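Enquirer: What follows is final_29.cif; its format and atoms are mmCIF, C-alpha atoms and all ligand atoms.
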data_my_file
loop_
_atom_site.label_atom_id
_atom_site.label_comp_id
_atom_site.auth_asym_id
_atom_site.auth_seq_id
_atom_site.Cartn_x
_atom_site.Cartn_y
_atom_site.Cartn_z
CA MET N 1 31.26 9.51 19.05
CA PRO N 2 30.77 6.66 16.54
CA ASN N 3 30.20 3.34 18.28
CA ALA N 4 31.85 0.03 17.32
CA PHE N 5 28.86 -0.84 15.12
CA ASP N 6 28.73 2.46 13.24
CA ALA N 7 32.37 2.02 12.24
CA ARG N 8 31.55 -1.33 10.63
CA LEU N 9 28.27 -0.76 8.81
CA ALA N 10 27.54 -2.60 5.58
CA ALA N 11 27.21 -0.36 2.52
CA ARG N 12 23.42 -0.87 2.31
CA ALA N 13 22.95 0.18 5.95
CA ARG N 14 25.19 3.23 5.50
CA GLY N 15 22.82 4.38 2.76
CA ALA N 16 19.70 4.11 4.95
CA LYS N 17 18.74 7.60 6.17
CA SER N 18 16.52 8.43 9.09
CA SER N 19 13.90 10.86 7.89
CA ALA N 20 13.20 14.34 9.30
CA ILE N 21 9.56 13.85 8.39
CA ARG N 22 9.37 10.70 10.48
CA GLU N 23 10.65 12.70 13.45
CA ILE N 24 7.96 15.35 13.02
CA LEU N 25 5.27 12.73 12.54
CA LYS N 26 6.14 11.15 15.89
CA VAL N 27 4.24 14.01 17.56
CA THR N 28 1.09 12.97 15.73
CA ALA N 29 0.60 10.32 18.39
CA ARG N 30 -0.41 13.25 20.65
CA PRO N 31 -4.16 13.18 21.29
CA ASP N 32 -4.54 16.90 20.47
CA ILE N 33 -3.33 16.34 16.90
CA VAL N 34 -5.51 15.10 14.05
CA SER N 35 -3.33 12.93 11.87
CA PHE N 36 -4.07 12.42 8.20
CA ALA N 37 -0.53 11.07 7.92
CA GLY N 38 -0.56 7.30 8.51
CA GLY N 39 -2.18 4.67 6.31
CA LEU N 40 -4.14 3.47 9.29
CA PRO N 41 -7.47 1.65 9.26
CA ALA N 42 -10.19 2.90 11.64
CA PRO N 43 -9.49 1.08 14.92
CA GLU N 44 -13.15 1.25 15.98
CA LEU N 45 -13.97 -0.95 12.97
CA PHE N 46 -11.59 -3.77 13.85
CA PRO N 47 -13.75 -6.92 14.20
CA LEU N 48 -12.74 -7.46 17.80
CA GLU N 49 -15.49 -9.87 18.75
CA ALA N 50 -15.02 -12.04 15.64
CA MET N 51 -11.27 -12.11 16.25
CA ARG N 52 -11.75 -12.97 19.90
CA GLN N 53 -14.05 -15.87 19.01
CA ALA N 54 -11.74 -17.04 16.22
CA ALA N 55 -8.68 -16.98 18.49
CA ALA N 56 -10.59 -18.84 21.22
CA ARG N 57 -11.70 -21.52 18.72
CA CYS N 58 -8.14 -21.91 17.34
CA LEU N 59 -6.73 -22.43 20.81
CA ALA N 60 -9.58 -24.66 22.00
CA GLU N 61 -9.84 -26.85 18.89
CA GLY N 62 -6.40 -26.58 17.25
CA GLY N 63 -4.75 -26.58 20.64
CA ALA N 64 -0.99 -26.70 20.72
CA GLN N 65 -0.80 -26.76 16.90
CA ALA N 66 -1.75 -23.09 16.82
CA LEU N 67 1.35 -22.30 18.88
CA GLN N 68 3.81 -24.61 17.14
CA TYR N 69 6.37 -23.87 14.40
CA GLY N 70 4.87 -24.21 10.93
CA PRO N 71 5.91 -24.54 7.28
CA THR N 72 7.80 -21.62 5.71
CA ASP N 73 5.34 -21.20 2.83
CA GLY N 74 2.39 -21.02 5.23
CA ASP N 75 -0.55 -23.01 6.53
CA LEU N 76 -1.92 -25.13 3.66
CA ALA N 77 -5.56 -24.56 4.65
CA LEU N 78 -5.04 -20.78 4.65
CA ARG N 79 -3.20 -20.88 1.32
CA THR N 80 -6.09 -22.92 -0.10
CA ALA N 81 -8.67 -20.45 1.24
CA ILE N 82 -6.75 -17.51 -0.25
CA ALA N 83 -6.40 -19.34 -3.60
CA GLU N 84 -10.18 -19.88 -3.63
CA GLN N 85 -10.89 -16.26 -2.77
CA VAL N 86 -8.50 -14.97 -5.46
CA THR N 87 -9.99 -17.36 -8.03
CA ALA N 88 -13.50 -16.11 -7.23
CA SER N 89 -12.56 -12.43 -7.49
CA ASP N 90 -10.62 -13.10 -10.73
CA ALA N 91 -13.73 -14.73 -12.19
CA ALA N 92 -16.01 -11.87 -11.09
CA ALA N 93 -13.65 -9.18 -12.44
CA ALA N 94 -13.26 -10.99 -15.77
CA ALA N 95 -17.03 -11.40 -16.12
CA ALA N 96 -17.62 -7.70 -15.37
CA ALA N 97 -14.99 -6.76 -17.97
CA GLY N 98 -16.35 -9.18 -20.59
CA LEU N 99 -13.06 -11.12 -20.60
CA PRO N 100 -12.58 -14.91 -20.55
CA ARG N 101 -12.55 -16.51 -17.10
CA PRO N 102 -8.90 -16.89 -15.95
CA ARG N 103 -7.64 -20.28 -14.84
CA ALA N 104 -8.09 -21.09 -11.13
CA VAL N 105 -5.28 -20.22 -8.69
CA THR N 106 -4.03 -23.20 -6.66
CA ALA N 107 -2.54 -23.35 -3.14
CA ASP N 108 0.97 -23.95 -4.51
CA GLU N 109 0.71 -20.55 -6.19
CA VAL N 110 0.21 -18.84 -2.79
CA LEU N 111 2.96 -17.96 -0.31
CA ILE N 112 2.06 -16.53 3.10
CA THR N 113 4.21 -13.58 4.20
CA THR N 114 4.58 -11.51 7.35
CA GLY N 115 2.59 -8.62 5.90
CA SER N 116 3.02 -7.60 2.29
CA GLN N 117 5.95 -5.48 3.43
CA GLN N 118 7.91 -8.70 3.89
CA ALA N 119 6.98 -9.72 0.37
CA LEU N 120 8.49 -6.45 -0.89
CA ASP N 121 11.68 -7.18 1.01
CA LEU N 122 11.83 -10.77 -0.31
CA VAL N 123 11.21 -9.67 -3.89
CA SER N 124 14.01 -7.08 -3.52
CA LYS N 125 16.33 -9.79 -2.24
CA LEU N 126 15.30 -12.09 -5.08
CA LEU N 127 15.78 -9.66 -7.95
CA LEU N 128 17.97 -6.68 -7.04
CA ASP N 129 21.74 -6.37 -7.13
CA PRO N 130 23.29 -2.99 -6.28
CA ASP N 131 22.70 -0.41 -9.08
CA ASP N 132 20.10 -2.55 -10.82
CA LEU N 133 17.45 -0.56 -12.65
CA MET N 134 13.81 -1.09 -11.77
CA VAL N 135 10.58 0.70 -12.66
CA THR N 136 8.01 2.30 -10.39
CA GLU N 137 5.12 4.68 -10.81
CA ASN N 138 5.87 8.28 -9.92
CA PRO N 139 4.90 8.72 -7.10
CA SER N 140 4.88 5.28 -5.47
CA TYR N 141 4.49 3.60 -2.06
CA LEU N 142 7.13 4.83 0.35
CA GLY N 143 7.61 1.52 2.19
CA ALA N 144 8.36 -0.24 -1.09
CA LEU N 145 10.79 2.47 -2.17
CA GLN N 146 12.59 2.09 1.16
CA SER N 147 12.99 -1.62 0.59
CA PHE N 148 14.17 -1.16 -3.03
CA ARG N 149 16.60 1.57 -1.91
CA LEU N 150 17.99 -0.65 0.84
CA HIS N 151 18.83 -3.09 -1.93
CA GLN N 152 20.51 -0.23 -3.80
CA ALA N 153 18.17 -0.10 -6.79
CA ARG N 154 18.11 2.69 -9.36
CA PHE N 155 14.73 3.86 -10.59
CA ALA N 156 13.15 4.58 -13.94
CA THR N 157 9.77 6.14 -13.27
CA VAL N 158 6.43 5.98 -15.03
CA ALA N 159 4.24 9.07 -15.24
CA MET N 160 0.61 8.73 -14.17
CA ASP N 161 -2.68 10.22 -15.30
CA ASP N 162 -6.11 9.79 -13.71
CA ASP N 163 -6.17 6.18 -14.96
CA GLY N 164 -2.84 5.27 -13.34
CA ALA N 165 0.46 4.43 -15.06
CA GLU N 166 0.61 5.95 -18.57
CA PRO N 167 1.22 3.34 -21.29
CA GLY N 168 3.64 5.51 -23.31
CA SER N 169 5.74 6.28 -20.27
CA LEU N 170 5.71 2.61 -19.20
CA ARG N 171 6.91 1.56 -22.65
CA GLU N 172 9.76 4.05 -22.45
CA ALA N 173 10.81 2.80 -19.00
CA LEU N 174 10.64 -0.86 -20.08
CA GLY N 175 12.85 -0.02 -23.04
CA GLN N 176 15.67 0.61 -20.55
CA ASP N 177 15.77 -3.11 -19.69
CA PRO N 178 14.80 -2.98 -15.99
CA LYS N 179 14.91 -5.96 -13.62
CA PHE N 180 11.22 -5.61 -12.78
CA VAL N 181 8.29 -3.21 -12.51
CA TYR N 182 6.44 -2.35 -9.30
CA LEU N 183 2.85 -1.23 -9.90
CA LEU N 184 -0.17 -0.39 -7.73
CA PRO N 185 -3.07 -0.51 -10.18
CA THR N 186 -5.83 -0.26 -7.55
CA PHE N 187 -6.45 2.75 -5.26
CA GLN N 188 -2.76 3.49 -5.36
CA ASN N 189 -0.75 4.55 -2.35
CA PRO N 190 -0.15 7.52 -2.31
CA THR N 191 -2.47 8.95 -5.00
CA GLY N 192 -5.66 6.90 -4.59
CA ARG N 193 -5.75 6.49 -8.40
CA SER N 194 -7.01 3.29 -10.02
CA MET N 195 -6.44 1.84 -13.46
CA SER N 196 -9.53 1.48 -15.64
CA THR N 197 -10.13 -1.97 -17.14
CA GLU N 198 -8.95 -0.70 -20.50
CA ARG N 199 -5.70 0.57 -18.94
CA ARG N 200 -5.14 -2.76 -17.18
CA VAL N 201 -5.47 -4.62 -20.47
CA GLN N 202 -3.14 -2.14 -22.19
CA VAL N 203 -0.52 -2.26 -19.41
CA SER N 204 -0.52 -6.05 -19.22
CA ALA N 205 -0.13 -6.28 -23.01
CA ILE N 206 2.91 -3.96 -22.86
CA LEU N 207 4.42 -6.01 -20.01
CA GLY N 208 3.90 -9.14 -22.09
CA GLU N 209 5.50 -7.52 -25.12
CA PHE N 210 8.68 -6.68 -23.16
CA GLY N 211 8.58 -9.85 -21.02
CA VAL N 212 9.51 -7.91 -17.88
CA PRO N 213 8.25 -9.27 -14.53
CA VAL N 214 5.81 -7.14 -12.57
CA VAL N 215 5.12 -6.94 -8.84
CA GLU N 216 1.48 -5.94 -8.44
CA ASP N 217 0.82 -4.59 -4.95
CA ASP N 218 -2.86 -4.52 -4.01
CA PRO N 219 -3.65 -3.96 -0.33
CA TYR N 220 -6.72 -1.80 -1.05
CA GLY N 221 -8.73 -3.67 -3.73
CA ALA N 222 -11.47 -4.80 -1.32
CA LEU N 223 -12.05 -1.19 -0.20
CA TYR N 224 -14.00 -0.01 -3.25
CA PHE N 225 -16.81 2.54 -2.88
CA ASP N 226 -18.54 2.15 -6.24
CA ALA N 227 -17.83 -0.94 -8.34
CA PRO N 228 -15.14 -3.57 -7.64
CA PRO N 229 -11.85 -2.83 -9.41
CA GLY N 230 -11.07 -4.24 -12.87
CA PRO N 231 -9.11 -7.46 -13.49
CA SER N 232 -5.76 -7.81 -11.73
CA LEU N 233 -2.61 -7.60 -13.84
CA ARG N 234 -1.84 -11.09 -12.52
CA SER N 235 -5.04 -12.51 -13.97
CA LEU N 236 -4.08 -10.98 -17.33
CA GLN N 237 -0.38 -11.86 -17.22
CA PRO N 238 -0.02 -14.78 -14.72
CA GLU N 239 3.45 -15.96 -15.75
CA LEU N 240 5.00 -12.51 -15.37
CA THR N 241 3.32 -11.36 -12.17
CA LEU N 242 3.90 -11.62 -8.45
CA ALA N 243 0.73 -10.25 -6.84
CA LEU N 244 0.88 -9.07 -3.23
CA GLY N 245 -2.14 -9.14 -0.93
CA THR N 246 -2.65 -8.50 2.78
CA PHE N 247 -5.14 -8.78 5.63
CA SER N 248 -3.84 -5.45 7.01
CA LYS N 249 -6.52 -3.22 5.51
CA THR N 250 -9.43 -5.66 5.70
CA LEU N 251 -8.93 -7.39 9.07
CA ALA N 252 -6.10 -5.89 11.12
CA PRO N 253 -2.51 -4.80 10.39
CA GLY N 254 -1.40 -6.15 13.76
CA LEU N 255 -1.87 -9.71 12.46
CA ARG N 256 1.13 -9.06 10.14
CA LEU N 257 -0.33 -11.35 7.54
CA GLY N 258 0.01 -11.05 3.78
CA TRP N 259 0.47 -13.26 0.74
CA VAL N 260 2.05 -13.50 -2.69
CA VAL N 261 0.31 -15.15 -5.64
CA GLY N 262 2.60 -16.13 -8.48
CA PRO N 263 4.21 -18.95 -10.46
CA SER N 264 5.02 -21.79 -8.03
CA ALA N 265 8.68 -22.02 -9.17
CA VAL N 266 9.22 -18.35 -8.27
CA LEU N 267 7.43 -18.78 -4.94
CA ALA N 268 9.78 -21.68 -4.14
CA ARG N 269 12.71 -19.26 -4.48
CA LEU N 270 10.96 -16.65 -2.32
CA THR N 271 10.28 -19.36 0.26
CA GLN N 272 14.01 -20.12 0.50
CA LEU N 273 14.68 -16.43 1.19
CA LYS N 274 11.84 -16.23 3.69
CA GLN N 275 13.27 -19.13 5.64
CA SER N 276 16.32 -17.10 6.62
CA ALA N 277 14.19 -14.02 7.33
CA ASP N 278 11.70 -15.45 9.85
CA LEU N 279 11.32 -19.26 9.36
CA HIS N 280 7.60 -18.67 8.84
CA THR N 281 4.78 -16.22 9.51
CA SER N 282 3.03 -16.40 12.91
CA THR N 283 1.14 -19.69 13.12
CA LEU N 284 -1.44 -18.18 15.46
CA SER N 285 -2.14 -15.23 13.13
CA GLN N 286 -2.59 -17.61 10.20
CA LYS N 287 -4.97 -19.89 12.10
CA VAL N 288 -7.01 -16.93 13.40
CA ALA N 289 -7.32 -15.38 9.93
CA LEU N 290 -8.41 -18.72 8.47
CA GLU N 291 -10.99 -19.13 11.21
CA VAL N 292 -12.33 -15.62 10.50
CA MET N 293 -12.57 -16.43 6.78
CA ARG N 294 -14.42 -19.66 7.57
CA SER N 295 -16.81 -17.92 9.97
CA GLY N 296 -18.41 -16.15 7.00
CA MET N 297 -18.26 -12.71 8.65
CA LEU N 298 -15.94 -11.10 6.09
CA PRO N 299 -18.48 -10.00 3.44
CA ASP N 300 -20.56 -8.01 5.99
CA HIS N 301 -17.44 -6.64 7.63
CA LEU N 302 -16.07 -5.43 4.29
CA GLU N 303 -19.42 -3.89 3.43
CA ARG N 304 -19.27 -1.90 6.66
CA LEU N 305 -15.66 -0.77 6.02
CA ARG N 306 -16.61 0.38 2.52
CA SER N 307 -19.60 2.34 3.72
CA VAL N 308 -17.81 4.10 6.60
CA TYR N 309 -14.71 4.83 4.51
CA ALA N 310 -16.82 6.13 1.61
CA GLU N 311 -18.55 8.52 4.01
CA ARG N 312 -15.16 9.72 5.30
CA ARG N 313 -13.85 10.12 1.74
CA ASP N 314 -16.92 12.26 1.00
CA ALA N 315 -16.32 14.34 4.14
CA MET N 316 -12.72 14.94 3.12
CA LEU N 317 -13.54 15.89 -0.48
CA THR N 318 -16.38 18.19 0.61
CA ALA N 319 -14.12 19.91 3.14
CA ILE N 320 -11.31 20.25 0.62
CA ASP N 321 -13.70 21.78 -1.92
CA SER N 322 -14.81 24.31 0.72
CA TYR N 323 -11.53 25.15 2.43
CA PHE N 324 -8.50 24.47 0.21
CA PRO N 325 -7.30 27.18 -2.18
CA PRO N 326 -8.89 26.63 -5.62
CA SER N 327 -5.40 26.25 -7.12
CA ALA N 328 -4.86 23.01 -5.12
CA ARG N 329 -5.39 19.96 -7.37
CA ILE N 330 -6.64 16.77 -5.77
CA THR N 331 -7.48 13.18 -6.70
CA ARG N 332 -11.03 11.91 -6.07
CA PRO N 333 -10.45 8.25 -5.19
CA SER N 334 -13.24 5.71 -5.56
CA GLY N 335 -11.72 3.44 -2.91
CA GLY N 336 -8.72 2.85 -0.68
CA MET N 337 -7.45 5.27 1.94
CA PHE N 338 -5.83 8.34 0.39
CA VAL N 339 -6.39 11.67 -1.31
CA TRP N 340 -3.37 13.18 -3.09
CA VAL N 341 -2.95 16.94 -3.12
CA GLU N 342 -0.88 19.00 -5.53
CA LEU N 343 -0.31 22.59 -4.43
CA PRO N 344 0.98 25.23 -6.84
CA GLU N 345 4.68 25.05 -7.79
CA GLY N 346 6.86 26.84 -5.28
CA VAL N 347 4.96 25.64 -2.20
CA ASP N 348 7.06 23.24 -0.10
CA ALA N 349 4.78 20.80 1.74
CA ALA N 350 7.61 19.56 3.99
CA ARG N 351 8.10 23.12 5.28
CA LEU N 352 4.37 23.46 5.93
CA LEU N 353 4.16 20.25 7.98
CA PRO N 354 5.66 21.65 11.24
CA ILE N 355 3.46 24.74 10.87
CA ALA N 356 0.34 22.61 10.36
CA VAL N 357 1.26 20.43 13.34
CA GLU N 358 2.19 23.20 15.77
CA GLN N 359 -0.24 25.95 14.80
CA GLU N 360 -3.26 24.03 13.53
CA LYS N 361 -2.81 20.60 15.15
CA VAL N 362 -3.14 18.71 11.86
CA ALA N 363 -0.60 16.35 10.25
CA PHE N 364 -0.15 15.02 6.71
CA VAL N 365 2.67 13.33 4.80
CA PRO N 366 4.65 15.55 2.42
CA GLY N 367 4.79 14.00 -1.05
CA GLU N 368 8.44 14.36 -1.97
CA PRO N 369 9.62 11.05 -0.39
CA PHE N 370 7.09 9.15 -2.53
CA HIS N 371 9.00 10.26 -5.65
CA PRO N 372 11.80 7.74 -6.35
CA ASN N 373 14.04 10.25 -8.09
CA GLY N 374 13.03 13.38 -6.16
CA GLY N 375 10.59 16.16 -7.02
CA GLY N 376 7.00 16.62 -5.88
CA GLN N 377 7.86 19.11 -3.11
CA ASN N 378 4.48 20.74 -3.71
CA THR N 379 2.54 17.49 -3.11
CA LEU N 380 1.16 15.71 -0.05
CA ARG N 381 -0.91 12.71 0.98
CA LEU N 382 -4.01 12.75 3.20
CA ASN N 383 -5.51 9.64 4.81
CA PHE N 384 -9.28 9.72 5.29
CA THR N 385 -9.98 6.33 6.90
CA HIS N 386 -8.58 6.85 10.38
CA THR N 387 -10.52 9.99 11.36
CA PRO N 388 -14.27 10.39 11.93
CA SER N 389 -16.09 12.62 9.41
CA ASP N 390 -16.88 15.52 11.77
CA VAL N 391 -13.23 15.72 12.83
CA ILE N 392 -12.14 15.54 9.17
CA LEU N 393 -14.35 18.52 8.25
CA ASP N 394 -12.89 20.68 10.98
CA ALA N 395 -9.25 19.65 10.55
CA VAL N 396 -9.29 20.06 6.75
CA GLY N 397 -10.56 23.61 7.36
CA ARG N 398 -7.53 24.32 9.56
CA LEU N 399 -5.19 22.77 6.98
CA GLY N 400 -6.77 24.98 4.32
CA ARG N 401 -5.74 28.02 6.38
CA VAL N 402 -2.11 26.83 6.38
CA PHE N 403 -2.17 26.44 2.59
CA GLU N 404 -3.88 29.80 2.03
CA ARG N 405 -1.21 31.55 4.10
CA ALA N 406 1.56 29.71 2.21
CA LEU N 407 0.11 30.82 -1.13
CA GLU N 408 -0.16 34.43 0.04
CA ALA N 409 3.54 34.30 0.98
CA LEU N 410 4.60 33.12 -2.51
CA PRO N 411 6.33 35.75 -4.65
CA ALA N 412 3.85 37.20 -7.17
C1 LIG V 501 0.90 -0.22 -1.11
C2 LIG V 501 1.26 -0.90 0.16
N1 LIG V 501 1.96 -2.04 0.11
C3 LIG V 501 2.31 -2.70 1.23
C4 LIG V 501 1.95 -2.22 2.46
C5 LIG V 501 2.39 -2.98 3.67
O1 LIG V 501 1.30 -3.59 4.25
P1 LIG V 501 1.40 -4.83 5.27
O2 LIG V 501 2.84 -5.17 5.45
O3 LIG V 501 0.76 -4.35 6.51
O4 LIG V 501 0.64 -5.92 4.60
C6 LIG V 501 1.21 -1.03 2.57
C7 LIG V 501 0.86 -0.49 3.89
O5 LIG V 501 0.35 0.57 4.05
C8 LIG V 501 0.86 -0.37 1.38
O6 LIG V 501 0.15 0.77 1.39
#
As structure tokens, what does this structure read like?

Expert:
Amino acid sequence: MPNAFDARLAARARGAKSSAIREILKVTARPDIVSFAGGLPAPELFPLEAMRQAAARCLAEGGAQALQYGPTDGDLALRTAIAEQVTASDAAAAAAAGLPRPRAVTADEVLITTGSQQALDLVSKLLLDPDDLMVTENPSYLGALQSFRLHQARFATVAMDDDGAEPGSLREALGQDPKFVYLLPTFQNPTGRSMSTERRVQVSAILGEFGVPVVEDDPYGALYFDAPPGPSLRSLQPELTLALGTFSKTLAPGLRLGWVVGPSAVLARLTQLKQSADLHTSTLSQKVALEVMRSGMLPDHLERLRSVYAERRDAMLTAIDSYFPPSARITRPSGGMFVWVELPEGVDAARLLPIAVEQEKVAFVPGEPFHPNGGGQNTLRLNFTHTPSDVILDAVGRLGRVFERALEALPA
């Protein structure tokens, strides 16, 4: 029987569906199941001792201040530290690409958010009215699509090749006069693809030509296995870009700490919206993260993450090459957390998920929900960072059996 709330739902909440896949994935918390489903960091690599020391120092030295309300746009010292870090990586990326050094980012161009997921929600609130058109890559990050959908956006999608969003397709989408573009140029979720430097320059020139704002989401840039990624779109197109960053994949997602870099006038508007969402991001999380940055442990910690994750990526690709049907196409990411799999047309990954979970004790995320306008039933996403290499090798073998059987069952 509908309750008193259900009878009174707002239109945006009526549209929000609970997902069958989410229900199935709940069982992946079972210890007998190997889950390649979540975008989870390896918990054994969380810098527990550094965090413990940082938290102790914050409480001992900062005292009550670490537990008090704070400013909506975030702790000034943390914003300054992030501005310095972004400026340094902008300079390094520009030098590696042979481009002029971008201007320094200042603290008033940084807004602290409660994870980058909050930034996606705030940007949606800032820019989207019901039925507004926006542009995303196809496929794109599910959590962002959920936020855009909740704000009743319509989607024009951009096709991708191995270098990320295709310029021709982007041009076509921008020609439809969208509100904004959401792009993940670096180790994209879900495909693991990354834009080459040349593609970044091309894409930012096209954005400039059309004058359409872009939200550049980059949680994975620090997790590179070969060379650091090319210049950010923001460094190439600062007036048009809101760039989202997070500590979730480098320190710990439980901190719920992210940031937006962008023009200060736009951040002032986002700050107004944030005020009604949560007043401000956790003071304690901000102070602890700042303390960790100041401790100087981050470079070594990131080096360790990169080396363990690269080894796990290798384990996953080696196992896929051995055990998946040769007709399965995969991405070979050079960073981040995900491999994207495309099975032959006619295979439905969502129908294989319960079989993989129940019969072979392995979980993945079917790819269809990552496609803003549907499609991609034959695709799926695998996470390689959360599972040790020996377990990956074995579990990918079992998943390969599920796919082989599905292919045998296809009509000839
Ligand atoms: C592309 C992308 N954006 C944003 C997020 C949200 O991250 P958080 O809110 O933890 O910063 C994620 C999390 O997996 C992600 O993959």

Enquirer: Calculated over all atoms listed in the file, which of the candidates N:Val203, N:Leu184, N:Ala156, N:Ala227 has the smallest distance to ligand LIG 501 (chain V)?

Expert: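 When distances to ligand LIG 501 (chain V) are compared using all atoms listed in the file, the smallest one comes from N:Leu184.
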
Enquirer: Between region 95-187 of chain N and region 269-292 of chain N, at 10 Å or less, what are the per-residue closest atom pairs and their distances in Å? Count all atoms listed in the file, order by chain and rising residue number, and return it as a Markdown table.

Expert:
| residue | atom | partner | partner_atom | distance |
| --- | --- | --- | --- | --- |
| N:Leu111 | CA | N:Thr271 | CA | 7.5 |
| N:Ile112 | CA | N:Thr281 | CA | 7.0 |
| N:Thr113 | CA | N:Thr281 | CA | 6.0 |
| N:Thr114 | CA | N:Thr281 | CA | 5.2 |
| N:Gly115 | CA | N:Thr281 | CA | 8.7 |
| N:Gln118 | CA | N:Lys274 | CA | 8.5 |
| N:Ala119 | CA | N:Leu270 | CA | 8.4 |
| N:Asp121 | CA | N:Lys274 | CA | 9.4 |
| N:Leu122 | CA | N:Leu270 | CA | 6.3 |
| N:Val123 | CA | N:Leu270 | CA | 7.2 |
| N:Lys125 | CA | N:Leu273 | CA | 7.7 |
| N:Leu126 | CA | N:Leu270 | CA | 6.9 |

Enquirer: Enumerate, in order of chain and increasing residue number, the residues of chain N with an atom no farther than 10 Å from ligand LIG 501 (chain V), each with its shortest atom pair and distance in Å to one decimal, counting all atoms listed in the file, as JSON lines.

Expert:
{"residue": "N:Gly38", "atom": "CA", "partner": "V:LIG501", "partner_atom": "O5", "distance": 8.1}
{"residue": "N:Gly39", "atom": "CA", "partner": "V:LIG501", "partner_atom": "O5", "distance": 5.3}
{"residue": "N:Leu40", "atom": "CA", "partner": "V:LIG501", "partner_atom": "O5", "distance": 7.5}
{"residue": "N:Pro41", "atom": "CA", "partner": "V:LIG501", "partner_atom": "O5", "distance": 9.5}
{"residue": "N:Thr113", "atom": "CA", "partner": "V:LIG501", "partner_atom": "O4", "distance": 8.5}
{"residue": "N:Thr114", "atom": "CA", "partner": "V:LIG501", "partner_atom": "O2", "distance": 6.8}
{"residue": "N:Gly115", "atom": "CA", "partner": "V:LIG501", "partner_atom": "O2", "distance": 3.5}
{"residue": "N:Ser116", "atom": "CA", "partner": "V:LIG501", "partner_atom": "O4", "distance": 3.7}
{"residue": "N:Gln117", "atom": "CA", "partner": "V:LIG501", "partner_atom": "O2", "distance": 3.7}
{"residue": "N:Gln118", "atom": "CA", "partner": "V:LIG501", "partner_atom": "O2", "distance": 6.4}
{"residue": "N:Ala119", "atom": "CA", "partner": "V:LIG501", "partner_atom": "O2", "distance": 8.0}
{"residue": "N:Leu120", "atom": "CA", "partner": "V:LIG501", "partner_atom": "C3", "distance": 7.5}
{"residue": "N:Ser140", "atom": "CA", "partner": "V:LIG501", "partner_atom": "C1", "distance": 8.1}
{"residue": "N:Tyr141", "atom": "CA", "partner": "V:LIG501", "partner_atom": "C1", "distance": 5.3}
{"residue": "N:Leu142", "atom": "CA", "partner": "V:LIG501", "partner_atom": "O6", "distance": 8.1}
{"residue": "N:Gly143", "atom": "CA", "partner": "V:LIG501", "partner_atom": "C4", "distance": 6.8}
{"residue": "N:Ala144", "atom": "CA", "partner": "V:LIG501", "partner_atom": "N1", "distance": 6.8}
{"residue": "N:Leu183", "atom": "CA", "partner": "V:LIG501", "partner_atom": "C1", "distance": 9.1}
{"residue": "N:Leu184", "atom": "CA", "partner": "V:LIG501", "partner_atom": "C1", "distance": 6.7}
{"residue": "N:Pro185", "atom": "CA", "partner": "V:LIG501", "partner_atom": "C1", "distance": 9.9}
{"residue": "N:Thr186", "atom": "CA", "partner": "V:LIG501", "partner_atom": "C1", "distance": 9.3}
{"residue": "N:Phe187", "atom": "CA", "partner": "V:LIG501", "partner_atom": "C1", "distance": 8.9}
{"residue": "N:Gln188", "atom": "CA", "partner": "V:LIG501", "partner_atom": "C1", "distance": 6.7}
{"residue": "N:Asn189", "atom": "CA", "partner": "V:LIG501", "partner_atom": "C1", "distance": 5.2}
{"residue": "N:Pro190", "atom": "CA", "partner": "V:LIG501", "partner_atom": "O6", "distance": 7.7}
{"residue": "N:Glu216", "atom": "CA", "partner": "V:LIG501", "partner_atom": "C1", "distance": 9.3}
{"residue": "N:Asp217", "atom": "CA", "partner": "V:LIG501", "partner_atom": "N1", "distance": 5.8}
{"residue": "N:Asp218", "atom": "CA", "partner": "V:LIG501", "partner_atom": "C1", "distance": 6.4}
{"residue": "N:Pro219", "atom": "CA", "partner": "V:LIG501", "partner_atom": "C2", "distance": 5.8}
{"residue": "N:Tyr220", "atom": "CA", "partner": "V:LIG501", "partner_atom": "O6", "distance": 7.7}
{"residue": "N:Leu244", "atom": "CA", "partner": "V:LIG501", "partner_atom": "N1", "distance": 7.9}
{"residue": "N:Gly245", "atom": "CA", "partner": "V:LIG501", "partner_atom": "O4", "distance": 7.0}
{"residue": "N:Thr246", "atom": "CA", "partner": "V:LIG501", "partner_atom": "O4", "distance": 4.6}
{"residue": "N:Phe247", "atom": "CA", "partner": "V:LIG501", "partner_atom": "O4", "distance": 6.5}
{"residue": "N:Ser248", "atom": "CA", "partner": "V:LIG501", "partner_atom": "O3", "distance": 4.8}
{"residue": "N:Lys249", "atom": "CA", "partner": "V:LIG501", "partner_atom": "O3", "distance": 7.4}
{"residue": "N:Ala252", "atom": "CA", "partner": "V:LIG501", "partner_atom": "O3", "distance": 8.4}
{"residue": "N:Pro253", "atom": "CA", "partner": "V:LIG501", "partner_atom": "O3", "distance": 5.1}
{"residue": "N:Gly254", "atom": "CA", "partner": "V:LIG501", "partner_atom": "O3", "distance": 7.8}
{"residue": "N:Leu255", "atom": "CA", "partner": "V:LIG501", "partner_atom": "O3", "distance": 8.4}
{"residue": "N:Arg256", "atom": "CA", "partner": "V:LIG501", "partner_atom": "O3", "distance": 6.0}
{"residue": "N:Leu257", "atom": "CA", "partner": "V:LIG501", "partner_atom": "O4", "distance": 6.3}
{"residue": "N:Gly258", "atom": "CA", "partner": "V:LIG501", "partner_atom": "O4", "distance": 5.2}
{"residue": "N:Trp259", "atom": "CA", "partner": "V:LIG501", "partner_atom": "O4", "distance": 8.3}
{"residue": "N:Gly336", "atom": "CA", "partner": "V:LIG501", "partner_atom": "O6", "distance": 9.3}
{"residue": "N:Met337", "atom": "CA", "partner": "V:LIG501", "partner_atom": "O6", "distance": 8.8}
{"residue": "N:Phe338", "atom": "CA", "partner": "V:LIG501", "partner_atom": "O6", "distance": 9.7}
